[in-house]
Amino acid sequence: MFKILKYLGESKASVVIIIALLVLQAYCDLTLPQYTADIVDVGIGQGGIDHVAPEEIRGETLENISLFMPENEAEFMMSSYSENEDGNYELNTADIQTVETLDESMAMPMAMLTALSQSKEMDIDTLKAMIEGGMMSKEQVLEYRSKAMEAYADMGDTAVSQMAVNFVKAEYEAMGSDGAAVQTHYLLSKGGKMLGLSVVMMITAILSSLLASRVSAKIGMTLRGRVFHKVISFSNAEMEKFSTASLITRSTNDIQQVQMVSVLLLRMVMYAPIIGIGGVIKVASTRTGMGWIIGVAVAAITVLVAVLMIVAMPKFKIMQTLIDRLNLVSREILTGVPVIRAFGREEFEEERFDEANVKLMKNQLFTSRVMTFMMPLMMMIMNGITVMIVWFGAHGIDMGNLQVGDLLAFITYTMQIVMAFLMITMISVMLPRAGVAAERIEEVIHTETAIHDKEAVKDNEAGELRGRLSFEYVSFKYPGADENALSNIDFTAEPGKTTAIIGSTGCGKSTLINLIPRFYDVTEGRITIDGIDIRDISQHKLRSQLGYVPQKGVLFSGDIESNIKFAGDTITDEEMVEAAAIAQAQEFIDSKPEAYKSEISQGGTNVSGGQKQRLSIARAIVKRPKICLFDDSFSALDYKTDVVLRKALHEKLTESAVIIVAQRISTILHADQIIVLDDGKITGIGTHEELLDSCETYQEIAKAQLSEAELRGGTL
């Protein structure tokens, strides 16, 4: 969770704008229920009259109302009205607090006047006559009012308000006002405001969704870039630690999980507390006395989510590992289909795939089944809360303490609060997986690479390197291994000369070659170019001097030209054609209809092994490197092509130090020096003839590969 928030923090400006839009959206969302309540209670129930204090009233009516008021309230009321041209009185203030004060003070007198108008024993004129005749004092009238207030208290607050509203309606009709027009104007006014709020809410929702999508897409792009650049810097040790399948999963599925949850965090998780807190504030302002119901709802949802998370969380944590395993098995099977078919192991591999697939399925089924309980239980809680609100609200309406519109608003606010928790609950289902994914991404990004440049490199001091390569008592041990793979390797490869490395399988030939480009770093000793330790040179500078042809030829999707010119755009077409000719690739390239524009599929699967090796050799030598490394790169070539290619290399690479790892003596027969490896140690250095006389290991290899005539003649 915190890692995902850290990613969001990289787009602070956009996140702030999204929060502002969500606040505006929540304001509109929370305001609409109150307008609905006003339409029901005022627009329909009260005929559009939203205040007890009328906007216009007759002078006689004002006097009648003042009879039932204390002197201070009567003076305040009279000062709030001014006589107009028609002889009536208009409210001269728009201050909402003043109007609400008038509502409170005028409601009871209006209710009493309404009661008098319906009484058969006394009317207002009789009451006024009794006061003027001294038969009843002001104090007695106010005492009568107090008794009436006690009586109306049993009927509820809304009863007094409703009687006052009916009084105002009658007053408007007495002045010739159209009650239907007043109601229509009120409904249209409130409806128009609701429509405006809905439009604003829609616009803010669209804008916040757009920004959230952009932020999450940027997070995905940034993370993919960071992971890619980190993986590119990995040495072979880090690649072996994570495995290719896992790195692919982390670069795709894991980042997608984080990207998807980022959108939900910005749209739902940030919106939920805003709407939830706002709903609580609104509920508190309704004064329904049913706030405890919300507490019950929140407690029930919290318990439900906690139980579900405790049950499902362990499974979420291992889900990504199972996806890694499935990807690994799938990749191995797909890349090894020919071998699988050749050995008739289809059924075994199907079982291996099914095992990984079923484990992932069972994990996902368990979490899905647990989470299927969430929505029905949530709906049960929401419906139960609605029933409770209606039940207790109906009692409030029956007692006159609550209006229908207020009840509707309370239900809406309660559902908004519950939905806020529901949104957080829904995202909580995805957060565990996203959290695990973020940890896996961070593990890659923050992995310290075993191979790195020193803070102060000697690139400038090195200048233009000649390519004199020296191994100075080099030993190497693979990470985690107990024994050295190479021990005390000491030799020098001169520019313009060919150094060959030969030995039995597993003796360390490829390991030795891999130390030169710093795919691994030496454990002891050092490797130098022109006397400078390669660890003191930047990796870019070092590798720019090398032409490397791996044991297994690797081609990239594109065409022949893009593969040969892989070293950079500075390579000309003439240099490309010359390199292809040296590598003996010209003939098969020219035989293709599109020549150098011929398509190369992913991994070079549409060319043969020999063609792939020749294109790899052309790609290496077109750089004009100072040091050429051939890691058993002639194994797929026929004898004739091998001889011609080696001759061309000898003629063209006159300034480069050539190092060839080979299994066949015929490939290295004419090398300037041959290094014989056995169990990671040098057992002989010299020419073919010298080694035949002095090195037992070389003699065994030669006898196994060459005839007696070839051994005696020394030529092929």
# chains A, B, ... in the order shown; residues from 1 in each chain; ligands from 1
call {"tool": "residues_around", "arguments": {"residues": "Glu85 in chain A", "least_positions_apart": "5", "cutoff": "12 Å", "atoms": "only C-alpha atoms", "output": "PyMOL selection string"}}
result
chain A and resi 56+58+90
call {"tool": "write_last_selection", "arguments": {"atoms": "C-alpha atoms", "output": "mmCIF file, in the first residue's frame"}}
result
data_model
loop_
_atom_site.group_PDB
_atom_site.id
_atom_site.type_symbol
_atom_site.label_atom_id
_atom_site.label_comp_id
_atom_site.auth_asym_id
_atom_site.auth_seq_id
_atom_site.Cartn_x
_atom_site.Cartn_y
_atom_site.Cartn_z
ATOM 1 C CA GLU A 56 -45.592 39.329 1.948
ATOM 2 C CA ARG A 58 -51.292 41.930 5.371
ATOM 3 C CA GLU A 90 -42.943 42.775 2.652
#
call {"tool": "atom_distance", "arguments": {"atom1": "CA of Ser262 in chain A", "atom2": "CA of Gly220 in chain A"}}
result
9.4 Å
call {"tool": "atom_distance", "arguments": {"atom1": "CA of Ala493 in chain A", "atom2": "CA of Asn563 in chain A"}}
result
28.3 Å
call {"tool": "residues_around", "arguments": {"residues": "Leu22 in chain A", "least_positions_apart": "5", "cutoff": "10 Å", "atoms": "only C-alpha atoms", "output": "PyMOL selection string"}}
result
chain A and resi 16-17+27-28+201+204-205+207-209+266-268+270-272+274-275
call {"tool": "closest_residue", "arguments": {"among": "A:Glu351, A:Met149, A:Ala585, A:Ser538", "to": "Ala456 in chain A", "atoms": "only C-alpha atoms"}}
result
A:Ser538
